[in-house]
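Text of the file structure-v2.tsv, holding TSV, C-alpha atoms and all ligand atoms:
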```tsv
chain	number	residue	atom	x	y	z
A	1	MET	CA	-24.87	33.42	119.27
A	2	GLY	CA	-22.99	35.23	122.02
A	3	ALA	CA	-22.19	32.07	123.92
A	4	THR	CA	-19.72	33.06	126.59
A	5	ILE	CA	-18.97	29.69	128.07
A	6	THR	CA	-15.34	28.64	128.01
A	7	TYR	CA	-13.83	25.45	129.41
A	8	VAL	CA	-10.59	25.62	131.34
A	9	MET	CA	-8.49	22.47	131.76
A	10	LEU	CA	-6.51	22.21	134.99
A	11	ALA	CA	-3.88	19.56	135.72
A	12	GLU	CA	-5.48	18.69	139.06
A	13	ASP	CA	-8.44	19.54	141.22
A	14	PRO	CA	-7.24	22.25	143.65
A	15	ARG	CA	-9.94	21.26	146.16
A	16	LYS	CA	-8.51	17.78	146.59
A	17	ASP	CA	-5.64	18.36	149.01
A	18	ARG	CA	-6.01	21.92	150.16
A	19	GLY	CA	-9.48	21.65	151.62
A	20	ASP	CA	-11.18	25.01	151.82
A	21	ASN	CA	-8.07	26.92	150.73
A	22	GLY	CA	-8.06	25.61	147.20
A	23	THR	CA	-10.87	26.94	145.06
A	24	LEU	CA	-11.61	26.47	141.40
A	25	TYR	CA	-12.00	30.24	141.05
A	26	TYR	CA	-8.50	30.94	142.33
A	27	GLU	CA	-6.80	28.26	140.23
A	28	VAL	CA	-8.60	29.40	137.08
A	29	MET	CA	-7.65	33.01	137.81
A	30	VAL	CA	-3.99	32.00	138.12
A	31	ALA	CA	-4.13	29.93	134.93
A	32	LEU	CA	-5.70	32.76	132.94
A	33	GLU	CA	-3.76	35.74	134.27
A	34	GLY	CA	-2.42	36.52	130.80
A	35	TYR	CA	-5.94	36.94	129.40
A	36	VAL	CA	-7.45	39.40	131.88
A	37	GLY	CA	-8.37	42.88	130.64
A	38	ARG	CA	-5.80	44.76	132.69
A	39	HIS	CA	-7.68	48.03	132.45
A	40	MET	CA	-9.80	46.46	135.18
A	41	GLN	CA	-6.75	46.50	137.42
A	42	ASP	CA	-6.30	50.29	137.17
A	43	LEU	CA	-3.75	50.07	134.37
A	44	GLU	CA	-4.15	52.72	131.67
A	45	PRO	CA	-3.39	50.78	128.50
A	46	GLU	CA	-3.04	54.01	126.48
A	47	ASP	CA	0.03	54.96	128.52
A	48	TYR	CA	1.79	51.87	127.17
A	49	LEU	CA	0.96	52.38	123.49
A	50	LYS	CA	4.01	52.84	121.26
A	51	SER	CA	2.19	55.69	119.59
A	52	ASN	CA	1.92	57.57	122.90
A	53	HIS	CA	5.40	56.74	124.05
A	54	ASP	CA	7.52	59.61	125.32
A	55	PRO	CA	10.99	58.30	126.28
A	56	SER	CA	11.54	61.29	128.58
A	57	ASN	CA	8.36	60.44	130.50
A	58	PRO	CA	7.98	56.63	130.42
A	59	PRO	CA	4.98	54.96	132.07
A	60	GLU	CA	5.28	53.00	135.32
A	61	PRO	CA	6.93	49.67	134.63
A	62	VAL	CA	4.60	46.70	135.22
A	63	GLU	CA	5.06	42.96	135.33
A	64	PRO	CA	4.24	41.85	131.77
A	65	GLN	CA	1.31	39.62	130.95
A	66	VAL	CA	2.34	36.38	129.28
A	67	TRP	CA	0.10	34.25	127.09
A	68	ARG	CA	0.43	31.44	124.59
A	69	MET	CA	-0.99	30.78	121.15
A	70	THR	CA	-1.14	27.85	118.78
A	71	ALA	CA	-0.52	28.68	115.11
A	72	ASP	CA	-4.30	28.49	114.51
A	73	GLN	CA	-4.97	30.90	117.35
A	74	ALA	CA	-2.31	33.31	116.06
A	75	VAL	CA	-4.02	33.31	112.64
A	76	TYR	CA	-7.31	34.06	114.37
A	77	GLU	CA	-5.80	36.96	116.34
A	78	LEU	CA	-4.10	38.45	113.27
A	79	ARG	CA	-7.41	38.48	111.40
A	80	LEU	CA	-8.85	40.69	114.15
A	81	ARG	CA	-5.84	42.98	114.35
A	82	ASP	CA	-5.83	46.38	112.64
A	83	GLY	CA	-3.23	46.72	109.94
A	84	ALA	CA	-2.10	43.10	110.16
A	85	ALA	CA	-2.29	40.40	107.50
A	86	VAL	CA	-2.16	36.62	107.81
A	87	PRO	CA	1.06	35.52	106.06
A	88	ASP	CA	0.66	33.51	102.84
A	89	GLU	CA	2.53	30.70	104.51
A	90	PRO	CA	1.42	30.82	108.14
A	91	THR	CA	4.34	29.17	109.92
A	92	LEU	CA	5.23	29.90	113.54
A	93	ASN	CA	8.08	32.12	112.30
A	94	SER	CA	6.04	34.13	109.83
A	95	LEU	CA	3.14	34.49	112.30
A	96	ALA	CA	5.42	35.67	115.12
A	97	ALA	CA	7.10	38.13	112.72
A	98	GLU	CA	3.75	39.64	111.72
A	99	LEU	CA	2.63	39.85	115.36
A	100	ASN	CA	5.88	41.66	116.22
A	101	ARG	CA	5.60	43.96	113.20
A	102	THR	CA	2.11	45.07	114.25
A	103	ALA	CA	2.67	45.18	118.02
A	104	ALA	CA	1.00	48.26	119.50
A	105	TYR	CA	2.46	48.36	123.01
A	106	VAL	CA	5.92	49.23	124.30
A	107	GLY	CA	7.51	45.92	125.24
A	108	GLU	CA	4.94	43.80	123.37
A	109	GLU	CA	6.94	40.87	122.00
A	110	TYR	CA	6.29	37.46	120.48
A	111	ARG	CA	8.70	34.57	120.54
A	112	ILE	CA	8.50	30.89	119.67
A	113	GLU	CA	8.59	28.23	122.36
A	114	ASP	CA	8.24	24.62	121.19
A	115	ASP	CA	5.13	24.61	118.98
A	116	LEU	CA	3.58	27.76	120.45
A	117	ILE	CA	3.95	31.51	120.09
A	118	VAL	CA	4.41	33.23	123.44
A	119	GLY	CA	3.20	36.82	123.77
A	120	SER	CA	4.57	39.16	126.43
A	121	SER	CA	3.37	42.71	126.95
A	122	PRO	CA	2.36	45.15	129.68
A	123	TYR	CA	-1.12	44.79	128.22
A	124	ASN	CA	-2.46	41.82	126.26
A	125	PRO	CA	-4.03	43.41	123.17
A	126	GLU	CA	-6.15	40.27	122.81
A	127	TRP	CA	-7.43	40.19	126.38
A	128	LYS	CA	-10.37	37.79	126.77
A	129	PHE	CA	-12.38	38.85	129.80
A	130	ASN	CA	-12.78	41.35	132.61
A	131	SER	CA	-14.43	39.00	135.02
A	132	PHE	CA	-15.69	35.45	135.16
A	133	ASP	CA	-17.69	33.04	137.30
A	134	VAL	CA	-17.16	29.34	137.70
A	135	GLY	CA	-20.29	27.74	136.22
A	136	GLY	CA	-22.26	30.96	136.17
A	137	ARG	CA	-25.60	30.90	134.43
A	138	PHE	CA	-24.63	27.69	132.67
A	139	VAL	CA	-24.57	25.67	135.86
A	140	ASP	CA	-28.00	24.12	135.26
A	141	LEU	CA	-26.74	22.53	132.05
A	142	PHE	CA	-24.44	20.25	133.99
A	143	THR	CA	-26.57	17.43	135.19
A	144	GLU	CA	-25.96	13.72	135.11
A	145	ILE	CA	-29.28	13.24	133.38
A	146	HIS	CA	-29.21	12.80	129.62
A	147	VAL	CA	-31.01	15.54	127.74
A	148	ASP	CA	-33.56	12.99	126.43
A	149	ASP	CA	-34.54	12.28	130.01
A	150	TRP	CA	-35.06	15.87	131.08
A	151	PRO	CA	-38.57	16.37	132.48
A	152	ARG	CA	-41.30	17.18	130.00
A	153	GLU	CA	-44.60	18.87	130.53
A	154	GLN	CA	-47.69	18.63	128.36
A	155	ALA	CA	-49.41	21.97	127.93
A	156	PRO	CA	-52.70	22.61	126.10
A	157	CYS	CA	-52.10	24.02	122.64
A	158	ALA	CA	-52.97	27.72	122.65
A	159	ASN	CA	-53.66	27.66	118.92
A	160	CYS	CA	-56.62	25.27	119.19
A	161	ASP	CA	-57.31	25.71	122.90
A	162	GLY	CA	-56.47	22.07	123.50
A	163	LYS	CA	-59.18	20.75	121.16
A	164	GLY	CA	-56.75	19.48	118.52
A	165	GLU	CA	-58.76	20.99	115.68
A	166	ILE	CA	-59.49	24.35	114.19
A	167	PRO	CA	-63.26	25.01	113.96
A	168	PRO	CA	-64.55	25.95	110.49
A	169	GLU	CA	-65.30	29.55	109.72
A	170	SER	CA	-68.96	30.29	110.32
A	171	PHE	CA	-71.06	31.82	107.58
A	172	VAL	CA	-74.56	33.32	107.68
A	173	LEU	CA	-75.47	32.23	104.17
A	174	PRO	CA	-75.58	28.68	102.81
A	175	ARG	CA	-72.64	27.73	100.62
A	176	ALA	CA	-74.27	28.42	97.22
A	177	LEU	CA	-75.38	31.93	98.18
A	178	ARG	CA	-72.06	33.18	99.57
A	179	LEU	CA	-70.72	36.24	97.81
A	180	THR	CA	-67.09	35.29	97.17
A	181	ALA	CA	-65.46	32.26	95.60
A	182	ALA	CA	-63.22	31.86	98.66
A	183	ALA	CA	-66.25	31.67	100.94
A	184	ARG	CA	-68.00	29.18	98.66
A	185	ASN	CA	-64.87	27.01	98.71
A	186	ALA	CA	-64.32	27.33	102.45
A	187	ASN	CA	-64.09	24.09	104.36
A	188	ASP	CA	-67.16	23.68	106.59
A	189	ASN	CA	-65.49	20.93	108.61
A	190	ALA	CA	-63.11	21.34	111.48
A	191	THR	CA	-59.50	20.76	110.45
A	192	PRO	CA	-56.65	19.33	112.54
A	193	CYS	CA	-54.59	22.02	114.28
A	194	PRO	CA	-51.28	22.31	112.43
A	195	ARG	CA	-49.42	23.60	115.45
A	196	CYS	CA	-49.96	20.57	117.65
A	197	GLY	CA	-50.56	18.11	114.81
A	198	GLY	CA	-54.15	17.55	115.99
A	199	LYS	CA	-53.09	16.30	119.42
A	200	GLY	CA	-54.43	19.28	121.37
A	201	TYR	CA	-51.34	19.60	123.51
A	202	ARG	CA	-47.69	20.44	123.10
A	203	THR	CA	-44.76	18.92	124.88
A	204	LEU	CA	-42.52	21.41	126.61
A	205	VAL	CA	-39.08	20.43	127.80
A	206	GLU	CA	-38.45	21.60	131.34
A	207	PRO	CA	-35.07	22.89	132.43
A	208	PRO	CA	-32.94	20.03	133.70
A	209	PRO	CA	-32.75	19.42	137.43
A	210	PRO	CA	-30.00	21.44	139.09
A	211	PRO	CA	-26.64	19.70	139.50
A	212	GLU	CA	-25.59	18.49	142.90
A	213	ASP	CA	-22.47	20.65	142.83
A	214	SER	CA	-22.78	24.37	142.13
A	215	ASP	CA	-19.00	24.61	141.69
A	216	PRO	CA	-18.72	22.26	138.75
A	217	ALA	CA	-15.63	20.49	137.49
A	218	PHE	CA	-15.51	17.39	135.32
A	219	SER	CA	-13.16	14.65	134.33
A	220	PRO	CA	-12.30	14.64	130.60
A	221	ASP	CA	-14.58	11.60	130.14
A	222	GLN	CA	-17.51	13.36	131.79
A	223	MET	CA	-16.81	16.42	129.67
A	224	LEU	CA	-16.93	14.38	126.47
A	225	LYS	CA	-20.31	12.98	127.57
A	226	ILE	CA	-21.63	16.48	128.25
A	227	LEU	CA	-20.48	17.64	124.81
A	228	ASN	CA	-22.27	14.71	123.21
A	229	ASN	CA	-25.53	15.62	124.98
A	230	GLY	CA	-25.84	18.52	122.56
A	231	THR	CA	-27.15	21.12	124.99
A	232	GLU	CA	-25.92	24.72	125.11
A	233	ALA	CA	-23.02	23.31	127.11
A	234	ALA	CA	-21.76	21.83	123.83
A	235	GLU	CA	-21.32	25.30	122.31
A	236	PRO	CA	-18.31	26.74	124.11
A	237	GLN	CA	-16.69	29.83	122.69
A	238	ALA	CA	-13.23	28.55	123.49
A	239	PHE	CA	-11.26	26.21	125.69
A	240	VAL	CA	-8.00	26.63	127.54
A	241	ASP	CA	-5.67	23.65	127.43
A	242	LEU	CA	-3.23	22.41	130.06
A	243	ARG	CA	-0.49	24.69	128.71
A	244	GLY	CA	-2.68	27.73	129.30
A	245	THR	CA	-3.37	28.23	125.61
A	246	TRP	CA	-6.66	29.96	124.89
A	247	GLN	CA	-8.12	28.42	121.74
A	248	TYR	CA	-11.19	29.74	120.01
A	249	LEU	CA	-13.35	27.02	118.53
A	250	PRO	CA	-14.41	27.66	114.95
A	251	VAL	CA	-18.05	27.48	113.91
A	252	LYS	CA	-18.73	25.20	110.97
A	253	MET	CA	-21.77	25.48	108.73
A	254	ILE	CA	-24.05	22.44	108.62
A	255	GLU	CA	-26.85	21.77	106.16
A	256	ASP	CA	-29.76	19.61	107.31
A	257	GLU	CA	-31.99	17.36	105.18
A	258	ASP	CA	-34.28	20.25	104.29
A	259	GLY	CA	-31.41	22.40	103.06
A	260	ARG	CA	-31.45	24.71	106.07
A	261	ARG	CA	-28.00	25.94	107.02
A	262	TYR	CA	-26.92	26.62	110.57
A	263	GLY	CA	-23.71	27.11	112.48
A	264	GLU	CA	-22.37	24.48	114.84
A	265	THR	CA	-19.34	24.75	117.11
A	266	ASP	CA	-16.53	22.61	115.76
A	267	LEU	CA	-15.38	20.70	118.85
A	268	THR	CA	-12.59	18.75	117.14
A	269	LEU	CA	-9.70	20.56	118.86
A	270	PHE	CA	-11.32	20.41	122.28
A	271	LYS	CA	-12.24	16.72	122.03
A	272	ALA	CA	-8.68	15.89	120.97
A	273	ALA	CA	-7.29	17.77	123.99
A	274	LEU	CA	-9.74	15.95	126.30
A	275	SER	CA	-8.89	12.55	124.88
A	276	ALA	CA	-5.16	13.18	125.37
A	277	ALA	CA	-5.46	14.60	128.90
A	278	PRO	CA	-3.57	12.74	131.64
A	279	PRO	CA	-5.38	11.25	134.67
A	280	GLY	CA	-6.30	13.82	137.31
A	281	THR	CA	-7.13	16.51	134.75
A	282	ILE	CA	-10.30	18.45	135.49
A	283	VAL	CA	-12.32	20.73	133.24
A	284	VAL	CA	-13.95	23.83	134.72
A	285	PRO	CA	-16.72	25.70	132.88
A	286	ILE	CA	-16.55	29.46	133.26
A	287	GLU	CA	-18.96	32.16	132.20
A	288	HIS	CA	-17.19	35.38	131.28
A	289	ASP	CA	-17.85	38.73	129.72
A	290	GLY	CA	-16.37	39.34	126.31
A	291	GLY	CA	-12.96	40.71	125.30
A	301	ZN	ZN	-53.40	22.77	118.53
```
Mind turning this structure into structure tokens?
Ligand SMILES: [Zn+2]
Amino acid sequence: MGATITYVMLAEDPRKDRGDNGTLYYEVMVALEGYVGRHMQDLEPEDYLKSNHDPSNPPEPVEPQVWRMTADQAVYELRLRDGAAVPDEPTLNSLAAELNRTAAYVGEEYRIEDDLIVGSSPYNPEWKFNSFDVGGRFVDLFTEIHVDDWPREQAPCANCDGKGEIPPESFVLPRALRLTAAARNANDNATPCPRCGGKGYRTLVEPPPPPEDSDPAFSPDQMLKILNNGTEAAEPQAFVDLRGTWQYLPVKMIEDEDGRRYGETDLTLFKAALSAAPPGTIVVPIEHDGG
């Protein structure tokens, strides 16, 4: 559903020691340098394409972007890549080989480091954003108040005008003389309004009160609580772990009691990373445009 919230884990809160010099925005920018759409920094990605490469007229050398992928993330990226296939046995070696085989840019290379694949290229073909805000439009979701305790307002039901019942249709003729069977069978009594269940009003949930801090960052424990609240804040597109690995979160299909199917963000990977995070870790929500 176009959710563009991503959570970025940082090893420590930059505001703690550096006073006004340390900002969440700057630290997140540094952590995510490998995922920025570099065309926003006046780089012409086309100049670096292998297919456009002219050895006699090479493009300006640039500091490469570096980014990291888990095996799962590499599978995800290969599925999106033109002309690439996910290997039958997706090991780090076979995934890195396929990424190298289908690399589009001069100098785009993938190597294995511990349990990750490290990409290096003048231009990250899987860039994730052009720009981002800390918190952004999601900031109101981060309140200490549980979603059940958000303010509620009772509004008169527009369907029944607050009366709780639907008046019967009015007819000129008495029942026996009406011209159609439907009219003869019509209910001459008021019926309870289906929309408000006969109450005459509907309960509307107000937006939660604004958080005290407009530059939000959370401890892993707080983050787990927020995820369990089940608001839109529990539907991140991705998270970035302490190693700087961008990890998309899969959507799993759920079926409710009435057989309706809907997608729900599978938070397993993120919750595991939060549970394993060392003390001092903070989690910063960012809103970003899409890559
Ligand atoms: Zn009603």
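In this comparison, which uses all atoms listed in the file, the residue of A:Gly200, A:Gly244, A:Gly135, A:Gly34 approaching ligand ZN 301 (chain A) most closely is A:Gly200.
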Inset, instruction - Extract, using only C-alpha atoms, all DNA, RNA and protein residues at most 12 Å from Ala238 (chain A), discarding same-chain residues fewer than 2 positions from it, and format them as a ChimeraX atom specification. - result: /A:2-9,73,128,233-236,240-241,245-251,265-271,285-288,290
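For ligand ZN 301 (chain A), the set of protein, DNA and RNA residues within 9 Å, based on all atoms listed in the file, reads A:Pro156, A:Cys157, A:Ala158, A:Asn159, A:Cys160, A:Asp161, A:Gly162, A:Lys163, A:Gly164, A:Glu165, A:Ile166, A:Pro192, A:Cys193, A:Pro194, A:Arg195, A:Cys196, A:Gly197, A:Gly198, A:Lys199, A:Gly200, A:Tyr201, A:Arg202.
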Inset, instruction - Could you tell me how far CA of Gly119 (chain A) lies from CA of Gly107 (chain A), in Å and to one decimal? - result: 10.2 Å
Legend entry - Exercise: region 56-71 of chain A partners within 9 Å, all atoms listed in the file, chain neighbours under 4 positions left out, as number ranges by chain: A: 32-36, 38, 47-48, 75-76, 90-92, 95, 107-108, 115-124, 243-247
Could I get region 26-48 of chain A rebuilt with N, CA and C atoms, written as a PDB file, in the frame of the given file?
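And here is the file that came out, out.pdb:
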```
ATOM      1  N   TYR A  26      -9.876  30.456 142.196  1.00  0.00           N
ATOM      2  CA  TYR A  26      -8.500  30.940 142.330  1.00  0.00           C
ATOM      3  C   TYR A  26      -7.572  30.274 141.310  1.00  0.00           C
ATOM      4  N   GLU A  27      -7.678  28.966 141.160  1.00  0.00           N
ATOM      5  CA  GLU A  27      -6.800  28.260 140.230  1.00  0.00           C
ATOM      6  C   GLU A  27      -7.031  28.712 138.779  1.00  0.00           C
ATOM      7  N   VAL A  28      -8.298  28.935 138.435  1.00  0.00           N
ATOM      8  CA  VAL A  28      -8.600  29.400 137.080  1.00  0.00           C
ATOM      9  C   VAL A  28      -8.030  30.799 136.872  1.00  0.00           C
ATOM     10  N   MET A  29      -8.178  31.642 137.893  1.00  0.00           N
ATOM     11  CA  MET A  29      -7.650  33.010 137.810  1.00  0.00           C
ATOM     12  C   MET A  29      -6.133  32.977 137.566  1.00  0.00           C
ATOM     13  N   VAL A  30      -5.439  32.110 138.290  1.00  0.00           N
ATOM     14  CA  VAL A  30      -3.990  32.000 138.120  1.00  0.00           C
ATOM     15  C   VAL A  30      -3.662  31.509 136.697  1.00  0.00           C
ATOM     16  N   ALA A  31      -4.410  30.509 136.251  1.00  0.00           N
ATOM     17  CA  ALA A  31      -4.130  29.930 134.930  1.00  0.00           C
ATOM     18  C   ALA A  31      -4.375  30.934 133.803  1.00  0.00           C
ATOM     19  N   LEU A  32      -5.289  31.859 134.035  1.00  0.00           N
ATOM     20  CA  LEU A  32      -5.700  32.760 132.940  1.00  0.00           C
ATOM     21  C   LEU A  32      -5.217  34.190 133.123  1.00  0.00           C
ATOM     22  N   GLU A  33      -4.231  34.389 133.977  1.00  0.00           N
ATOM     23  CA  GLU A  33      -3.760  35.740 134.270  1.00  0.00           C
ATOM     24  C   GLU A  33      -3.408  36.530 133.003  1.00  0.00           C
ATOM     25  N   GLY A  34      -2.850  35.836 132.019  1.00  0.00           N
ATOM     26  CA  GLY A  34      -2.420  36.520 130.800  1.00  0.00           C
ATOM     27  C   GLY A  34      -3.570  37.000 129.926  1.00  0.00           C
ATOM     28  N   TYR A  35      -4.808  36.626 130.265  1.00  0.00           N
ATOM     29  CA  TYR A  35      -5.940  36.940 129.400  1.00  0.00           C
ATOM     30  C   TYR A  35      -6.916  37.932 130.020  1.00  0.00           C
ATOM     31  N   VAL A  36      -6.559  38.456 131.201  1.00  0.00           N
ATOM     32  CA  VAL A  36      -7.450  39.400 131.880  1.00  0.00           C
ATOM     33  C   VAL A  36      -7.316  40.776 131.228  1.00  0.00           C
ATOM     34  N   GLY A  37      -8.421  41.489 131.089  1.00  0.00           N
ATOM     35  CA  GLY A  37      -8.370  42.880 130.640  1.00  0.00           C
ATOM     36  C   GLY A  37      -7.760  43.722 131.753  1.00  0.00           C
ATOM     37  N   ARG A  38      -6.512  44.140 131.578  1.00  0.00           N
ATOM     38  CA  ARG A  38      -5.800  44.760 132.690  1.00  0.00           C
ATOM     39  C   ARG A  38      -6.303  46.163 133.027  1.00  0.00           C
ATOM     40  N   HIS A  39      -7.082  46.726 132.122  1.00  0.00           N
ATOM     41  CA  HIS A  39      -7.680  48.030 132.450  1.00  0.00           C
ATOM     42  C   HIS A  39      -8.567  47.915 133.670  1.00  0.00           C
ATOM     43  N   MET A  40      -9.001  46.658 133.975  1.00  0.00           N
ATOM     44  CA  MET A  40      -9.800  46.460 135.180  1.00  0.00           C
ATOM     45  C   MET A  40      -8.942  46.503 136.442  1.00  0.00           C
ATOM     46  N   GLN A  41      -7.641  46.449 136.254  1.00  0.00           N
ATOM     47  CA  GLN A  41      -6.750  46.500 137.420  1.00  0.00           C
ATOM     48  C   GLN A  41      -6.082  47.869 137.511  1.00  0.00           C
ATOM     49  N   ASP A  42      -6.776  48.909 137.070  1.00  0.00           N
ATOM     50  CA  ASP A  42      -6.300  50.290 137.170  1.00  0.00           C
ATOM     51  C   ASP A  42      -5.096  50.578 136.299  1.00  0.00           C
ATOM     52  N   LEU A  43      -4.830  49.751 135.292  1.00  0.00           N
ATOM     53  CA  LEU A  43      -3.750  50.070 134.370  1.00  0.00           C
ATOM     54  C   LEU A  43      -4.357  50.876 133.206  1.00  0.00           C
ATOM     55  N   GLU A  44      -3.683  51.922 132.811  1.00  0.00           N
ATOM     56  CA  GLU A  44      -4.150  52.720 131.670  1.00  0.00           C
ATOM     57  C   GLU A  44      -3.438  52.218 130.433  1.00  0.00           C
ATOM     58  N   PRO A  45      -4.089  51.370 129.648  1.00  0.00           N
ATOM     59  CA  PRO A  45      -3.390  50.780 128.500  1.00  0.00           C
ATOM     60  C   PRO A  45      -2.810  51.838 127.552  1.00  0.00           C
ATOM     61  N   GLU A  46      -3.496  52.976 127.421  1.00  0.00           N
ATOM     62  CA  GLU A  46      -3.040  54.010 126.480  1.00  0.00           C
ATOM     63  C   GLU A  46      -1.621  54.468 126.814  1.00  0.00           C
ATOM     64  N   ASP A  47      -1.302  54.493 128.116  1.00  0.00           N
ATOM     65  CA  ASP A  47       0.030  54.960 128.520  1.00  0.00           C
ATOM     66  C   ASP A  47       1.137  54.079 127.951  1.00  0.00           C
ATOM     67  N   TYR A  48       0.778  52.836 127.609  1.00  0.00           N
ATOM     68  CA  TYR A  48       1.790  51.870 127.170  1.00  0.00           C
ATOM     69  C   TYR A  48       1.807  51.702 125.648  1.00  0.00           C
TER      70      TYR A  48
END
```
